[in-house]
Amino acid sequence: MMFSCTTGEKKNQDSASTANSNTGEKIGVLLVNHGSHSKGWRQMLKDIEIDVKDDIMKSGEITDVRTAFMEYTEPSIATQMKKFDEENYDRVIVVPIFLTISSHTSNDIPNIVGLANDPKVKASLKEEGIETYTSKARVIVTPLLDFPTVLKKNITRRAKALSNGSGDEGVALIAYGDEEFNQQWEEMVEDIGRYLKAQTGIGSISYGWCGHLVRYSSEPTKKAIDQILELEERAIVIPVLVANDEHFQGEIIQKGVDMVEDQKRVVYKQDAILPDANINKWVVKIVAETVAEVKGKTVAAK
């Protein structure tokens, strides 16, 4: 079977040759996220790859940048790792696009890519239909997208856009949550809340979960809004979710908003953290830092 080589394909092949000559290794980058049934959610994560690819590859150190979904859809992590092996990659840098630490990042992903071998975790993954794969390529998982300043600025920007500037408003932060790492998630939203108060003058902050921890109930959203309305005239509801999902923003959180008795006192936009150029910049930066660490180089601060 013969395949023609388009201009774009030739460019990628030239980039791969340059990468090999510069580093002696063929290195790929895999942007890993949770995954969703929502096509729109998946596209928002795919858009990160599209935006960062040229910047990551221009140094000649990286041969390709790809995206993988942990569950619900293809390409899965195992599928992409197999492809890297088929194409004789020496090393794969895995970049988790997750808000903060969770069972997915601390347990699932290391077992999926073969960096850990916990029979209990692997059995659980198998039950969920998630394939694990130990690649021939060396795998490095970067630090999490626990980007405090970027996240704080993102939430602040979105809150200001919905504020009427009355000085009599509060913000209800609605996040996914995680049972195993509940303390870390609470610390994350509390930290966001402190920053939000300092930057906007908004007086009251509450938070609630909307994920598996609360069995995808809308009640915590309503409760968080009610807590604000007990203290302030108006409640601004902000989803602290990576991307927009019809089920979470469109149903779970929206239903919690709709349950509030006085609708005139609540403002809510079905949005998400993405898109955010600062997150894309972080991805480029963390890949450069990881490559530099592998090669024993230093990255100049920008």
# chains A, B, ... in the order shown; residues from 1 in each chain; ligands from 1
>>> select_by_dssp(residues="stretch 92-142 of chain A", states="alpha helix (DSSP H)", output="PyMOL selection string")
chain A and resi 103+109-112+119-127
>>> select_by_dssp(residues="stretch 50-146 of chain A", states="strand (DSSP E)", output="list in words")
Asp64, Val65, Arg66, Thr67, Ala68, Phe69, Arg91, Val92, Ile93, Val94, Val95, Pro96, Arg138, Val139, Ile140 and Val141 of chain A
>>> write_last_selection(atoms="N, CA and C atoms", output="JSON list (two decimals), in the first residue's frame")
[["chain", "number", "residue", "atom", "x", "y", "z"],
["A", 64, "ASP", "N", 5.85, 15.33, 17.94],
["A", 64, "ASP", "CA", 4.41, 15.50, 17.73],
["A", 64, "ASP", "C", 3.71, 15.75, 19.07],
["A", 65, "VAL", "N", 2.54, 16.38, 18.97],
["A", 65, "VAL", "CA", 1.69, 16.66, 20.13],
["A", 65, "VAL", "C", 0.32, 16.07, 19.85],
["A", 66, "ARG", "N", -0.20, 15.27, 20.78],
["A", 66, "ARG", "CA", -1.48, 14.61, 20.60],
["A", 66, "ARG", "C", -2.35, 14.75, 21.86],
["A", 67, "THR", "N", -3.62, 14.43, 21.72],
["A", 67, "THR", "CA", -4.56, 14.50, 22.83],
["A", 67, "THR", "C", -5.15, 13.12, 23.10],
["A", 68, "ALA", "N", -5.39, 12.82, 24.38],
["A", 68, "ALA", "CA", -6.05, 11.55, 24.74],
["A", 68, "ALA", "C", -7.08, 11.81, 25.83],
["A", 69, "PHE", "N", -8.16, 11.05, 25.77],
["A", 69, "PHE", "CA", -9.22, 11.13, 26.77],
["A", 69, "PHE", "C", -9.14, 9.91, 27.69],
["A", 91, "ARG", "N", 10.45, 8.53, 23.96],
["A", 91, "ARG", "CA", 9.95, 9.11, 25.20],
["A", 91, "ARG", "C", 8.63, 9.82, 24.94],
["A", 92, "VAL", "N", 7.72, 9.74, 25.91],
["A", 92, "VAL", "CA", 6.44, 10.46, 25.81],
["A", 92, "VAL", "C", 6.26, 11.29, 27.08],
["A", 93, "ILE", "N", 6.02, 12.57, 26.88],
["A", 93, "ILE", "CA", 5.74, 13.48, 27.99],
["A", 93, "ILE", "C", 4.22, 13.60, 28.12],
["A", 94, "VAL", "N", 3.68, 13.12, 29.23],
["A", 94, "VAL", "CA", 2.24, 13.16, 29.46],
["A", 94, "VAL", "C", 1.90, 14.40, 30.29],
["A", 95, "VAL", "N", 1.03, 15.24, 29.76],
["A", 95, "VAL", "CA", 0.62, 16.48, 30.43],
["A", 95, "VAL", "C", -0.84, 16.35, 30.85],
["A", 96, "PRO", "N", -1.13, 16.15, 32.15],
["A", 96, "PRO", "CA", -2.53, 16.03, 32.59],
["A", 96, "PRO", "C", -3.21, 17.40, 32.63],
["A", 138, "ARG", "N", 9.80, 5.54, 27.13],
["A", 138, "ARG", "CA", 9.87, 6.03, 28.50],
["A", 138, "ARG", "C", 8.80, 7.11, 28.68],
["A", 139, "VAL", "N", 8.14, 7.09, 29.83],
["A", 139, "VAL", "CA", 7.02, 8.00, 30.07],
["A", 139, "VAL", "C", 7.35, 8.93, 31.24],
["A", 140, "ILE", "N", 7.08, 10.21, 31.05],
["A", 140, "ILE", "CA", 7.20, 11.20, 32.11],
["A", 140, "ILE", "C", 5.85, 11.90, 32.24],
["A", 141, "VAL", "N", 5.33, 11.98, 33.45],
["A", 141, "VAL", "CA", 4.09, 12.72, 33.69],
["A", 141, "VAL", "C", 4.46, 14.05, 34.34]]
